[in-house]
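The structure appears below as structure tokens.
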Amino acid sequence: MDQSSSQIPIRRKTRAALSNASGRFDLAREAVDDGWYAEPEATSVVTEIREEVARSLISYNRSPDLPFDRSINPYRGCEHGCIYCFARPSHAYLGLSPGLDFETRLIARPNAPEVLRKELSARSYKVATLAIGTNTDPYQPCERDFGIMRACLEVLQEFNHPVAIVTKGTLVERDMDILADMATRGLVRVGVSVTTLDPDLSRRMEPRVPAPARRLATIRRLSAAGIPVRIMTSPLVPGLTDHELEALLAAGAEAGADAASWIMLRLPREVSALWQDWLREHEPDRAEKVMARLREMHGGRDYDPRWGQRMRGEGTYATLIAQRFKLACRRLGLSEKSPALRCDLFARPVQAGDQLALF
């Protein structure tokens with residue numbers, strides 16, 4: 001499919017991607033003119049959600065860059081539509097576009113809680129912190145209707161299983177009853193991502209994410225409930241949001257965050273083209289500067305996938321950001337490393353059919 005046919009000439013209000021180019025594994029999106037009349041243009045891009053029966057749920061990784069080795073995803077795709085999302089290429093494995101499809105053609109996994117319970121109950125399972133939200137946001141808008149994330153949390157609470165959550169969604173406040181209970185036992189930590197304090201930039205860059213001030217209010221409410229919260233200044237965009245680093249950390253600390261983290265903008269696979277299209281439309285005066293900075297940190301490439309480099313890059317600029325972050329955290333009393341969550345409380349609850357259930 002050529003570039004022109006991948007563009008979407010329809011109203012894209014509240015959407016970030018400018019195109020819907022085919023994914024790497026989609027072999028059936030080639031446009032063919034069969035001589036019949038063309039379908040009328042759509043007037044908007046609507047969200048479509050279909051359900052998937054999950055056969056397994058816990059995914060394992062061996063990346064030295066990550067502080068966890070397992071995660072789950074209640075949903076595929078993310079309606080938040082952050083243009084910079086490094087998870088966009090995962091939609092290509094489904095035969096869908098990492099562009100608008102990622103934001104509008106979502107997949108919910110309603111049986112995820114049942115599968116999670118089965119996997120945690122296996123005799124071979126060995127407990128370690130489970131991460132949620134590392135690929136797509138578990139508190140994106142459709143969670144309000146499906147409630148899959150809450151049901152998964154109820155399973156984890158029942159098993160006394162440690163969990164680390166990453167989100168931009170304020171719907172996490174709905175589950176404070178579960179999270180506060182787990183926090184009393186050292187079983188949970190929440191990371192809230194705030195990429196900019198500028199509401200206009202946020203609305204254009206991450207169109208269906210709650211406003212920055214609203215996310216800071218979520219940090220405040222979680223912290224007040226006794227739930228440990230990390231302010232995540234991720235991703236940091238060179239030449240666009242990097243000047244806000246200290247202000248973001250200060251806002252998070254004022255709201256009650258006790259820890260902080262940062263990751264540099266990452267542009268794996270299809271994300272690079274989508275990001276550059278967005279830059280040219282929304283920030284044309286800064287586009288060259290942003291990309292020059294990124295390439296400077298990645299050996300002249302848009303992205304360097306090597307372990308140890310992909311999260312933060314290397315070189316003078318990357319070192320400067322790391323130093324600024326460290327100094328600001330020290331001044332604000334924010335920890336760069338959080339205490340380990342407890343694994344010693346993990347226990348498989350007695351279930352119907354177990355011998356102990358007879359007593």
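Residue numbering restarts at 1 for every chain of the structure tokens, chains are lettered A, B, ... in their displayed order, and ligands are numbered from 1 as they appear.
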**Message:** Quick check for you: according to DSSP on this backbone, which residues of region 115-185 of chain A are classed as strand (DSSP E or B)? Reply as a PyMOL selection string.
**Reply:** chain A and resi 130-132+163-167
Output the selection as a CSV table (one decimal), in the first residue's frame - C-alpha atoms for each residue.
chain,number,residue,atom,x,y,z
A,130,LEU,CA,3.3,-8.9,38.3
A,131,ALA,CA,3.3,-5.8,36.1
A,132,ILE,CA,0.1,-4.4,34.5
A,163,VAL,CA,1.4,-6.1,41.6
A,164,ALA,CA,2.9,-3.0,40.0
A,165,ILE,CA,0.5,-0.9,37.9
A,166,VAL,CA,1.3,1.7,35.3
A,167,THR,CA,-1.5,4.0,34.0
Can you list every residue of region 222-286 of chain A that has an atom at most 9 Å from region 79-100 of chain A, with its nearest atom pair and the distance in Å to one decimal, using only C-alpha atoms, ordered by chain then number, as JSON lines?
{"residue": "A:Pro235", "atom": "CA", "partner": "A:Tyr84", "partner_atom": "CA", "distance": 8.0}
{"residue": "A:Leu265", "atom": "CA", "partner": "A:Tyr84", "partner_atom": "CA", "distance": 7.3}
{"residue": "A:Arg266", "atom": "CA", "partner": "A:Phe86", "partner_atom": "CA", "distance": 6.3}
{"residue": "A:Leu267", "atom": "CA", "partner": "A:Phe86", "partner_atom": "CA", "distance": 6.4}
{"residue": "A:Pro268", "atom": "CA", "partner": "A:Phe86", "partner_atom": "CA", "distance": 6.4}
{"residue": "A:Arg269", "atom": "CA", "partner": "A:Pro89", "partner_atom": "CA", "distance": 6.6}
{"residue": "A:Glu270", "atom": "CA", "partner": "A:Pro89", "partner_atom": "CA", "distance": 6.1}
{"residue": "A:Val271", "atom": "CA", "partner": "A:Phe86", "partner_atom": "CA", "distance": 6.6}
{"residue": "A:Ser272", "atom": "CA", "partner": "A:Tyr84", "partner_atom": "CA", "distance": 8.4}
{"residue": "A:Leu274", "atom": "CA", "partner": "A:Gly99", "partner_atom": "CA", "distance": 6.9}
{"residue": "A:Trp275", "atom": "CA", "partner": "A:Tyr84", "partner_atom": "CA", "distance": 6.1}
{"residue": "A:Trp278", "atom": "CA", "partner": "A:Ile83", "partner_atom": "CA", "distance": 7.5}
Keeping only N, CA, C and O atoms, write the selected residues as a short mmCIF file (atom, residue, chain, number, x, y, z; two decimals), in the first residue's frame.
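So result.cif came out as:
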data_model
loop_
_atom_site.label_atom_id
_atom_site.label_comp_id
_atom_site.auth_asym_id
_atom_site.auth_seq_id
_atom_site.Cartn_x
_atom_site.Cartn_y
_atom_site.Cartn_z
N PRO A 235 7.00 9.30 28.23
CA PRO A 235 8.39 9.49 27.78
C PRO A 235 8.77 10.96 27.82
O PRO A 235 7.93 11.85 27.67
N LEU A 265 11.95 9.15 24.95
CA LEU A 265 11.06 8.76 23.85
C LEU A 265 11.68 7.63 23.05
O LEU A 265 12.84 7.70 22.65
N ARG A 266 10.88 6.58 22.80
CA ARG A 266 11.33 5.43 22.03
C ARG A 266 10.51 5.34 20.75
O ARG A 266 9.29 5.48 20.79
N LEU A 267 11.16 5.05 19.63
CA LEU A 267 10.46 4.98 18.34
C LEU A 267 10.72 3.66 17.62
O LEU A 267 11.29 3.62 16.53
N PRO A 268 10.30 2.54 18.20
CA PRO A 268 10.53 1.25 17.53
C PRO A 268 9.62 1.05 16.33
O PRO A 268 8.48 1.51 16.30
N ARG A 269 10.13 0.41 15.31
CA ARG A 269 9.38 -0.01 14.13
C ARG A 269 8.47 1.10 13.59
O ARG A 269 8.90 2.19 13.28
N GLU A 270 7.16 0.82 13.50
CA GLU A 270 6.23 1.76 12.86
C GLU A 270 6.04 3.05 13.64
O GLU A 270 5.53 4.04 13.10
N VAL A 271 6.41 3.08 14.92
CA VAL A 271 6.18 4.28 15.74
C VAL A 271 6.95 5.47 15.18
O VAL A 271 6.47 6.61 15.24
N SER A 272 8.12 5.24 14.62
CA SER A 272 8.93 6.35 14.10
C SER A 272 8.20 7.14 13.03
O SER A 272 8.12 8.38 13.09
N LEU A 274 4.95 7.20 12.38
CA LEU A 274 3.75 7.81 12.95
C LEU A 274 4.10 9.06 13.74
O LEU A 274 3.42 10.09 13.63
N TRP A 275 5.17 8.98 14.52
CA TRP A 275 5.61 10.12 15.32
C TRP A 275 6.06 11.28 14.44
O TRP A 275 5.70 12.44 14.69
N TRP A 278 3.16 13.07 12.94
CA TRP A 278 2.53 13.92 13.96
C TRP A 278 3.34 15.20 14.18
O TRP A 278 2.76 16.29 14.28
#
**Prompt:** Which polymer residues have any atom within 12 Å of an atom of Leu222 (chain A), counting only C-alpha atoms, with same-chain residues fewer than 3 positions away left out, as a VMD selection string?
**Reply:** chain A and resid 170 to 180 183 188 to 192 215 to 219 225 to 231 255 to 258
Could you write out the selected residues, including N, CA, C and O atoms, as a compact mmCIF listing (two decimals), in the first residue's frame?
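Below is the file selection.txt, written as the result:
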# COMPACT_ATOMS: atom_id res chain seq x y z
N THR A 170 -7.49 7.89 35.09
CA THR A 170 -7.99 8.24 36.43
C THR A 170 -8.99 7.21 36.95
O THR A 170 -9.37 7.25 38.12
N LEU A 171 -9.41 6.28 36.11
CA LEU A 171 -10.33 5.23 36.55
C LEU A 171 -9.70 4.35 37.62
O LEU A 171 -10.40 3.63 38.34
N VAL A 172 -8.39 4.43 37.79
CA VAL A 172 -7.73 3.68 38.85
C VAL A 172 -8.30 4.05 40.22
O VAL A 172 -8.29 3.24 41.16
N GLU A 173 -8.85 5.27 40.34
CA GLU A 173 -9.43 5.70 41.61
C GLU A 173 -10.62 4.83 42.01
O GLU A 173 -10.91 4.66 43.19
N ARG A 174 -11.32 4.26 41.03
CA ARG A 174 -12.45 3.36 41.31
C ARG A 174 -12.02 2.18 42.15
O ARG A 174 -12.79 1.66 42.97
N ASP A 175 -10.76 1.73 41.97
CA ASP A 175 -10.28 0.52 42.62
C ASP A 175 -9.45 0.80 43.87
O ASP A 175 -8.71 -0.08 44.34
N MET A 176 -9.59 1.99 44.42
CA MET A 176 -8.78 2.32 45.60
C MET A 176 -9.11 1.44 46.80
O MET A 176 -8.27 1.24 47.67
N ASP A 177 -10.32 0.90 46.86
CA ASP A 177 -10.65 0.01 47.97
C ASP A 177 -9.76 -1.23 47.96
O ASP A 177 -9.22 -1.63 48.99
N ILE A 178 -9.58 -1.82 46.78
CA ILE A 178 -8.72 -2.99 46.66
C ILE A 178 -7.26 -2.60 46.84
O ILE A 178 -6.50 -3.26 47.58
N LEU A 179 -6.84 -1.53 46.18
CA LEU A 179 -5.44 -1.12 46.21
C LEU A 179 -5.00 -0.72 47.62
O LEU A 179 -3.89 -1.04 48.05
N ALA A 180 -5.87 -0.01 48.34
CA ALA A 180 -5.52 0.41 49.70
C ALA A 180 -5.36 -0.80 50.62
O ALA A 180 -4.46 -0.85 51.47
N ALA A 183 -2.13 -2.42 49.75
CA ALA A 183 -1.00 -1.57 50.17
C ALA A 183 -0.65 -1.77 51.64
O ALA A 183 0.51 -1.67 52.03
N VAL A 188 1.37 -3.66 46.61
CA VAL A 188 1.03 -2.89 45.41
C VAL A 188 1.79 -1.57 45.34
O VAL A 188 2.14 -0.98 46.37
N ARG A 189 2.06 -1.16 44.12
CA ARG A 189 2.59 0.16 43.83
C ARG A 189 1.99 0.60 42.51
O ARG A 189 1.85 -0.20 41.59
N VAL A 190 1.66 1.90 42.42
CA VAL A 190 1.07 2.45 41.20
C VAL A 190 1.98 3.53 40.63
O VAL A 190 2.50 4.37 41.36
N GLY A 191 2.20 3.48 39.32
CA GLY A 191 2.93 4.52 38.62
C GLY A 191 1.98 5.30 37.74
O GLY A 191 1.23 4.71 36.96
N VAL A 192 1.96 6.62 37.88
CA VAL A 192 1.10 7.47 37.06
C VAL A 192 1.99 8.29 36.14
O VAL A 192 2.87 9.02 36.59
N ARG A 215 -4.52 14.03 36.27
CA ARG A 215 -3.65 12.91 36.66
C ARG A 215 -2.92 13.21 37.96
O ARG A 215 -2.71 12.33 38.80
N LEU A 216 -2.53 14.46 38.14
CA LEU A 216 -1.88 14.85 39.40
C LEU A 216 -2.87 14.71 40.57
O LEU A 216 -2.48 14.32 41.67
N ALA A 217 -4.15 15.01 40.31
CA ALA A 217 -5.17 14.81 41.34
C ALA A 217 -5.30 13.34 41.70
O ALA A 217 -5.53 12.98 42.86
N THR A 218 -5.13 12.46 40.71
CA THR A 218 -5.17 11.03 40.97
C THR A 218 -4.02 10.61 41.87
O THR A 218 -4.19 9.81 42.80
N ILE A 219 -2.82 11.14 41.60
CA ILE A 219 -1.68 10.86 42.47
C ILE A 219 -2.00 11.28 43.90
O ILE A 219 -1.73 10.55 44.87
N ALA A 225 -4.79 7.79 50.23
CA ALA A 225 -5.38 6.50 50.63
C ALA A 225 -4.32 5.51 51.10
O ALA A 225 -4.64 4.35 51.40
N GLY A 226 -3.06 5.95 51.16
CA GLY A 226 -2.00 5.07 51.64
C GLY A 226 -1.41 4.16 50.58
O GLY A 226 -0.72 3.19 50.91
N ILE A 227 -1.66 4.48 49.31
CA ILE A 227 -1.16 3.66 48.21
C ILE A 227 0.12 4.30 47.67
O ILE A 227 0.10 5.46 47.25
N PRO A 228 1.24 3.60 47.67
CA PRO A 228 2.50 4.17 47.15
C PRO A 228 2.38 4.52 45.68
O PRO A 228 1.92 3.70 44.88
N VAL A 229 2.79 5.74 45.31
CA VAL A 229 2.63 6.20 43.93
C VAL A 229 3.95 6.76 43.41
O VAL A 229 4.65 7.51 44.10
N ARG A 230 4.26 6.42 42.18
CA ARG A 230 5.43 6.91 41.48
C ARG A 230 4.99 7.89 40.39
O ARG A 230 4.05 7.61 39.65
N ILE A 231 5.65 9.05 40.29
CA ILE A 231 5.42 9.97 39.18
C ILE A 231 6.36 9.55 38.06
O ILE A 231 7.58 9.46 38.25
N ALA A 255 2.01 16.48 44.90
CA ALA A 255 0.77 15.70 44.91
C ALA A 255 0.85 14.49 45.82
O ALA A 255 -0.16 13.85 46.09
N GLY A 256 2.06 14.13 46.27
CA GLY A 256 2.19 13.01 47.20
C GLY A 256 2.96 11.82 46.69
O GLY A 256 3.08 10.81 47.39
N ALA A 257 3.51 11.90 45.48
CA ALA A 257 4.33 10.78 44.98
C ALA A 257 5.56 10.62 45.86
O ALA A 257 6.13 11.61 46.33
N ASP A 258 5.99 9.38 46.08
CA ASP A 258 7.18 9.15 46.90
C ASP A 258 8.36 8.66 46.08
O ASP A 258 9.45 8.45 46.61
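With only C-alpha atoms as the atoms that count, the minimum distance from Val46 (chain A) to the choices A:Arg144, A:Ser124, A:Arg15, A:Ser59 is reached by A:Arg15.
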**Exercise: region 293-306 of chain A partners within 6 Å, only C-alpha atoms, chain neighbours under 5 positions left out, as an MDAnalysis selection string** = chainID A and resid 267 313:315
**Request:** Run DSSP on the backbone and give me the residues of region 169-332 of chain A it puts in helix (DSSP H, G or I), as an NGL selection string.
**Result:** :A and (170-183 or 199-205 or 212-224 or 242-255 or 271-282 or 287-297 or 316-332)
**Asked** With distances taken over only C-alpha atoms, which of A:Arg208, A:Lys289, A:Arg185, A:Arg221 is nearest to Leu341 (chain A)?
**Response** A:Arg185
**Request:** Give me the residues within 8 Å of Arg50 (chain A) as a list in words, counting only C-alpha atoms and dropping any in the same chain fewer than 6 places off.
**Result:**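 Returned residues: Arg105, Leu106, Ile107 and Ala108 of chain A.
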**Asked** So how far away is CA of Asp65 (chain A) from CA of Arg330 (chain A), in Å?
**Response**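 Those two atoms sit 22.8 Å apart.
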**Asked** What lies within 12 Å of Thr196 (chain A) using only C-alpha atoms, ignoring chain neighbours under 6 positions off, as a ChimeraX atom specification?
**Response** /A:202-206,209-213,215-216,231-237,240-249,251-252
**Item:** Straight-line distance linking CA of Ser261 (chain A) with CA of Glu336 (chain A), stated in Å to one decimal
**Value:** 6.3 Å
**Prompt:** Which one is closest to Thr195 (chain A): A:Lys168, A:Arg214, A:Arg342, A:Arg62? Count only C-alpha atoms.
**Reply:** A:Lys168
**Request:** May I ask which of the residues A:Lys126, A:Arg220, A:Lys337, A:Arg312 is the closest one to Pro238 (chain A), counting only C-alpha atoms?
**Result:** A:Arg312
